[in-house]
Amino acid sequence: MEEVCEGKEFSFPREEENVLSFWTQIDAFKTQLKRTENLPEYIFYDGPPFATGLPHYGHILAGTIKDIVTRYQTMTGHHVTRRFGWDCHGLPVENEIDKKLDIKRRDQVLQMGIDKYNEECRSIVTRYVEEWEKVITRTGRWIDFRNDYKTMDLPFMESVWWVFAQLFDKNLVYKGFKVMPYSTGCKTPLSNFEAGQNYKDVPDPEIMVTFPVIGDQDNASFVAWTTTPWTLPSNLALCVNAEFVYVKVRNKNSGKVYVVAESRLSALPADKPKASADAKKANPKAKGGAKPDSTADSYEVLEKFNGASLVGKKYEPLFEYFSDFSSEAFRVVADSYVTDDSGTGIVHCAPAFGEDDYRVCLENKIIKKGENLVVAVDDDGLFTERITHFSGRYVKDADKDIIEAVKAKGRLVKTGSFVHSYPFCWRSDTPLIYRAVPSWFVRVEVLKEQLLENNKQTHWVPDYVKDKRFHNWLENARDWAVSRSRFWGTPLPIWISDDGEEIVVMDSVEKLEKLSGVKVFDLHRHHIDHITIPSSRGPEFGVLHRVEDVFDCWFESGSMPYAYIHYPFENKELFEKNFPGHFVAEGLDQTRGWFYTLMVLSTALFGKPAFRNLICNGLVLAEDGKKMSKKLRNYPPPLEVIDEYGADAVRLYIINSPVVRAEPLRFKKEGVLGVVKDVFLPWYNAYRFLVQNAKRLEIEGSGPFVPTDLATLRPSNVLDQWIHSATQSLVHFVRQEMDGYRLYTVVPYLLKFLDNLTNIYVRFNRKRLKGRTGEDDCHIALSTLYNVLLTSCKVMTPFTPFFTETLYQNLRKACEGSEESIHYCSFPEAEGKRDERIEQSVTRMMTIIDLARNIRERHKLPLKTPLKEITVVHPDAEFLDDITGKLREYVLEELNVRSLVPCSDTLKYASLKAEPDFSVLGKKLGKSMGLVAKEVKSMSQQDILNFEEAGKVTIAGHTLELTDIKIVRVFKRPDGLKDTEIDANGDGDVLVILDLRADESLYEAGVAREIVNRIQKLRKKSGLEPTDFVEVYIESLDKDVSALQQVLNSQEQYIKDTIGSSLLLSTLMPSHAVVLSDESFQNVSKLSFKISLARPALKFNEEAILALYSGDVKFASGLQAYLLSRDHSNLKSEFQEGNGKITVSCIEKLPVVTVVLGDHLHLTVGDCLLSTTKS
């Protein structure tokens, strides 16, 4: 393995760029697909975005989810084809061209020519493809851009034709009407999305109109309110709410009788003669707080009844334009869309001009599904000849004259004006109207039960979106208008005769060519609109022409599972073996979009859902909670964040957030930095620690580090066993969660694992990993760490493809026969049995350490201050065995305590108290909460112990579990001790007691810790790496040097173990030693001293060297000068190769001599001291 730099110098983004180059060099994605081509298929459907805009965080989020799942599935033994797709048709493209060419109206397109218009559209469809590829690739997503699919390609469009033809053959297609936002300026319907783009505050009329009830004994009239007087000539029904209370009232002044909702009576005009000044002064407060001239005083209530009783009542129409509908129309119907927050509680219905009007009239059989709906307004927004008095008038201009006509008929109750927000066409800037337009429909309502059943067969994350939002949407599914009167889209494959009697639907290009005799190369309108089909009834019936409409682009994307592989014309076996697809993922908004159209078409075609598994993500919002907006610049550009922190950090940040559970995420750049600090740096540091110590072994002469294989590694060390078991738990957990598509649970688990790896395994095993417990033990510890890092890298590969590749490329150098890329590796299997007991014991050990640290903090006792004793109270004998056995040394060292006392008597140091957890029990118990809480609080010590052992207890007929009751341990301080001398801390079933009393015998250990602390800080300050070997010297600055000498003697072994070498007295430093840095410290535990760090210096045995040259001082000095000039590490290597001897023959005029290590010199002062001590 190669050396690696410090974490602060490691650039995650720069390293990711290197990985991208490496992947390109080995053609990694294509190679992976080739290597897995004979494995079972895993079918993933990628919803196509528009390439007319640039990718944003929403795309990166969905792309990351898709990439994680498909990488995981590849690693678990599947072949996963990943082709990028582009949505090429529809509004976004036409919108761009209209802006570019300043097109305002539909007729401008026809004048220009559909051919020229469509080719303009085609020219911009792939405008941003390069930018998309750049961003998507930089995020680490592997997807095929070369072999992409486009909804405008002939194979895709042909499959869309086939889908529609199947629906037609199944009698699931009909022509009818759909009320849609309509632009009279552009003479085209708009989608709801378009209708919402241009709202303005404008004044509009509001009027109340009477509709006399036929056969009413009081000559009552229904009063309806409307803000669109131009729709009144087309009135066919009145709608009430069956649940509301309605009143029949008589105007005390005029005698007129009206019917309105009781809650809206106040909306009627007061209609009283003006009162005199005296009358105004009298009775300033009428009953109920009404003013004397209020509506309540103007009307007398004759009768009350519910809305349901009005259903079916006939009324006199306002105009005679629709008298031919008299038998079905001009009656009262009921629906819940009628509200009482405005108007009169009675709504006038003109089915051609309101979505709810149309639905209600259809449901009540006032109109029939099909083509018999009369739309009395033409494409230009002008009244047709049927509306004789206003024929040829623009509807909005006719409002005033219609109000006058109503008034002339004596049917106007009230008129006025109000300002409200109204939609205008974003193209022509004319007010929109709602208008029924002829459309081709797919029958969805007849499929409802099957759709609901198919939804049950799918697995969604989160499941509530499936069970609530999507289920409710399917439950209320309406027939789907799939046609649009547009230009740039897949044309409807319907050819129809002039008399409408003959319809031919094309299911393929071949069928069109066969029936028309025309060769077809492109299916867009300008290539096929001119093609006609001879009538099968004979020449006298003429020819069939194609209907002008194109498909709603949602129909195209809903056909994607078939069209992207040109089914059924190609890939028949591939599709039929693997349908439904295994996985889709998009945003929450697609429950009413792509997820819905996928489900409808697959159910209609095959009676199956289109997909098996689905991840639904929420919206990525700006930091302020608002929608991300280029105009507001309220978010950092994605590539800017990636270039600063790396794509892996962005990936982990977004999937470790509520957004993967279909909730919103407020994107914060600081959150990405947090991932770097909390995840990647600790992970990198653990990896770097491994590399450093493997290199140290190599330098010290053991040769390149080769880790022991996991299968043969049988560690006896408890923490080796624990980290191995924890790694198996990680593998098991990630497999389990990924198989359940719960991506959001993985990162928190990984965070905990990395925390355990760095703060428990590496931290507690530093001595072993640094070789202080012997070479064999060091190799076992390093092998364990190597295998853990390698396994965890493979586990995290789908999530962080760059960082894991970086680590793997260095780790694989220590193992022959490794795969070229981590992305060619299989996902780890959970091998061997997990040791749950040791995992639990280590978790509890960390709890003990945390509790004891908290006691120290409370009493301001730093860890450098040694303490005499810790007592651990716990009822579990096995755990106490582990804590006093295998784990004891780690607890004592970490807490700087001399002895550990176990205690299984839980009542010796504490009394137990039971407290009900109100947050949990409140929901569960309701009104019984008070009684149960009282009983819980009165539980005896024995009751609580029994409850802890059994895990449950029955109180007042309710079974309570461990999560329902909090057990509090109240510390009982031993007699005669103050709270400054002993203290305790508890968590659940563990109690930790620390003896805080000062002990003179611990003083020297405390001073030793202080000295070590100063040495380590000086090393860091000097910029030394942990693997950099230096000799450490100490000099007392006190008059009495004996106190420091006493500490050095008694704590010699501790200091040596901790700093990795002997602490040398400054008097031993040779004159030729090179001091790297030194620092003086005053009054540290009442001692003052100076620490010096020096390069390793040779220590000569001058008598022995003199003897080599028979006492020739000049020769002896020459040899010493030569040896001092040599590089220390090279000299060390030469002695190792020569088994402790080197021959010196290169010094001019000096005899050849053999220098023996240990006899003539030592490589360090420490070695010399050790040799002297032994002898």
# chains A, B, ... in the order shown; residues from 1 in each chain; ligands from 1
>>> select_by_dssp(residues="range 410-610 of chain A", states="strand (DSSP E or B)", output="ChimeraX atom specification")
/A:412-424,431-442,459-461,480-481,483-484,491,494-497,503-505,533-534,543-546,550-551,581-587
>>> select_by_dssp(residues="range 463-637 of chain A", states="helix (DSSP H, G or I)", output="ChimeraX atom specification")
/A:463-475,509-516,525-528,539-541,553-558,560-563,572-577,588-591,594-606
>>> residues_around(residues="Val179 in chain A", least_positions_apart="6", cutoff="7 Å", atoms="only C-alpha atoms", output="list in words")
Ala352, Phe353, Gly354, Glu355, Tyr434, Arg435, Ala436 and Val437 of chain A
>>> write_last_selection(atoms="all heavy atoms", output="short mmCIF file (atom, residue, chain, number, x, y, z; two decimals), in the first residue's frame")
data_model
loop_
_atom_site.label_atom_id
_atom_site.label_comp_id
_atom_site.auth_asym_id
_atom_site.auth_seq_id
_atom_site.Cartn_x
_atom_site.Cartn_y
_atom_site.Cartn_z
N ALA A 352 -70.41 22.92 -20.20
CA ALA A 352 -69.34 23.12 -21.19
C ALA A 352 -68.25 24.05 -20.68
O ALA A 352 -67.21 24.19 -21.31
CB ALA A 352 -69.93 23.68 -22.49
N PHE A 353 -68.48 24.70 -19.50
CA PHE A 353 -67.55 25.74 -19.06
C PHE A 353 -67.09 25.60 -17.61
O PHE A 353 -66.67 26.58 -17.00
CB PHE A 353 -68.17 27.12 -19.29
CG PHE A 353 -68.62 27.32 -20.72
CD1 PHE A 353 -69.97 27.42 -21.02
CD2 PHE A 353 -67.70 27.34 -21.75
CE1 PHE A 353 -70.39 27.57 -22.34
CE2 PHE A 353 -68.11 27.49 -23.07
CZ PHE A 353 -69.45 27.60 -23.37
N GLY A 354 -67.20 24.43 -17.05
CA GLY A 354 -66.70 24.22 -15.69
C GLY A 354 -66.43 22.74 -15.47
O GLY A 354 -67.25 21.89 -15.83
N GLU A 355 -65.27 22.46 -14.88
CA GLU A 355 -64.88 21.05 -14.68
C GLU A 355 -65.89 20.34 -13.78
O GLU A 355 -66.35 19.23 -14.09
CB GLU A 355 -63.48 21.01 -14.06
CG GLU A 355 -62.73 19.76 -14.40
CD GLU A 355 -61.25 19.83 -14.01
OE1 GLU A 355 -60.74 20.92 -13.67
OE2 GLU A 355 -60.61 18.77 -14.04
N TYR A 434 -62.65 28.44 -18.94
CA TYR A 434 -62.73 26.99 -18.90
C TYR A 434 -63.73 26.58 -19.97
O TYR A 434 -64.84 27.11 -20.03
CB TYR A 434 -63.15 26.51 -17.51
CG TYR A 434 -61.96 26.35 -16.60
CD1 TYR A 434 -61.41 27.46 -15.96
CD2 TYR A 434 -61.35 25.12 -16.44
CE1 TYR A 434 -60.29 27.34 -15.17
CE2 TYR A 434 -60.22 24.99 -15.65
CZ TYR A 434 -59.69 26.10 -15.01
OH TYR A 434 -58.57 25.96 -14.25
N ARG A 435 -63.33 25.67 -20.84
CA ARG A 435 -64.17 25.31 -21.99
C ARG A 435 -64.04 23.83 -22.27
O ARG A 435 -62.94 23.28 -22.21
CB ARG A 435 -63.72 26.12 -23.20
CG ARG A 435 -64.45 25.82 -24.50
CD ARG A 435 -64.03 26.82 -25.57
NE ARG A 435 -64.65 26.50 -26.85
CZ ARG A 435 -64.03 25.88 -27.86
NH1 ARG A 435 -62.76 25.51 -27.72
NH2 ARG A 435 -64.66 25.62 -28.98
N ALA A 436 -65.16 23.21 -22.57
CA ALA A 436 -65.13 21.79 -22.94
C ALA A 436 -64.56 21.66 -24.34
O ALA A 436 -65.01 22.34 -25.26
CB ALA A 436 -66.53 21.20 -22.89
N VAL A 437 -63.52 20.85 -24.45
CA VAL A 437 -62.93 20.63 -25.78
C VAL A 437 -63.05 19.15 -26.10
O VAL A 437 -62.93 18.29 -25.22
CB VAL A 437 -61.45 21.07 -25.81
CG1 VAL A 437 -61.34 22.58 -25.75
CG2 VAL A 437 -60.66 20.44 -24.71
#
>>> atom_distance(atom1="CA of Ala237 in chain A", atom2="CA of Gly307 in chain A")
14.7 Å
>>> closest_residue(among="A:Gly1060, A:Pro212, A:Pro493, A:Gly587", to="Gly47 in chain A", atoms="only C-alpha atoms")
A:Gly587
>>> residues_around(residues="Val920 in chain A", least_positions_apart="2", cutoff="9 Å", atoms="only C-alpha atoms", output="list in words")
Pro916, Asp917, Phe918, Gly922, Lys923, Lys924, Thr963, Asp964 and Ile965 of chain A
>>> write_last_selection(atoms="N, CA and C atoms", output="short mmCIF file (atom, residue, chain, number, x, y, z; two decimals), in the first residue's frame")
data_model
loop_
_atom_site.label_atom_id
_atom_site.label_comp_id
_atom_site.auth_asym_id
_atom_site.auth_seq_id
_atom_site.Cartn_x
_atom_site.Cartn_y
_atom_site.Cartn_z
N PRO A 916 -44.14 6.60 34.75
CA PRO A 916 -44.81 6.29 33.48
C PRO A 916 -44.31 7.22 32.38
N ASP A 917 -44.09 6.66 31.18
CA ASP A 917 -43.69 7.48 30.05
C ASP A 917 -44.96 8.03 29.38
N PHE A 918 -45.31 9.25 29.77
CA PHE A 918 -46.59 9.83 29.33
C PHE A 918 -46.67 9.95 27.81
N GLY A 922 -49.85 7.93 26.85
CA GLY A 922 -51.01 8.79 26.63
C GLY A 922 -51.86 8.32 25.47
N LYS A 923 -51.19 7.98 24.36
CA LYS A 923 -51.92 7.52 23.17
C LYS A 923 -52.54 6.15 23.41
N LYS A 924 -51.81 5.32 24.17
CA LYS A 924 -52.23 3.93 24.35
C LYS A 924 -53.40 3.79 25.34
N THR A 963 -40.74 -0.27 27.33
CA THR A 963 -40.73 1.05 26.68
C THR A 963 -41.79 1.99 27.28
N ASP A 964 -42.71 1.45 28.07
CA ASP A 964 -43.81 2.26 28.61
C ASP A 964 -43.47 2.90 29.96
N ILE A 965 -42.48 2.32 30.66
CA ILE A 965 -42.16 2.79 32.02
C ILE A 965 -40.68 3.13 32.09
#
>>> residues_around(residues="range 299-301 of chain A", least_positions_apart="3", cutoff="12 Å", atoms="only C-alpha atoms", output="number ranges by chain")
A: 246-262, 265-272, 293-296, 304-305
>>> residues_around(residues="Ile967 in chain A", least_positions_apart="2", cutoff="9 Å", atoms="only C-alpha atoms", output="ChimeraX atom specification")
/A:912-916,944,948,962,965,969,988-989
>>> closest_residue(among="A:Phe579, A:Asp397, A:Leu807, A:Trp162", to="Glu510 in chain A", atoms="only C-alpha atoms")
A:Trp162
>>> atom_distance(atom1="CA of Phe383 in chain A", atom2="CA of Pro351 in chain A")
15.4 Å
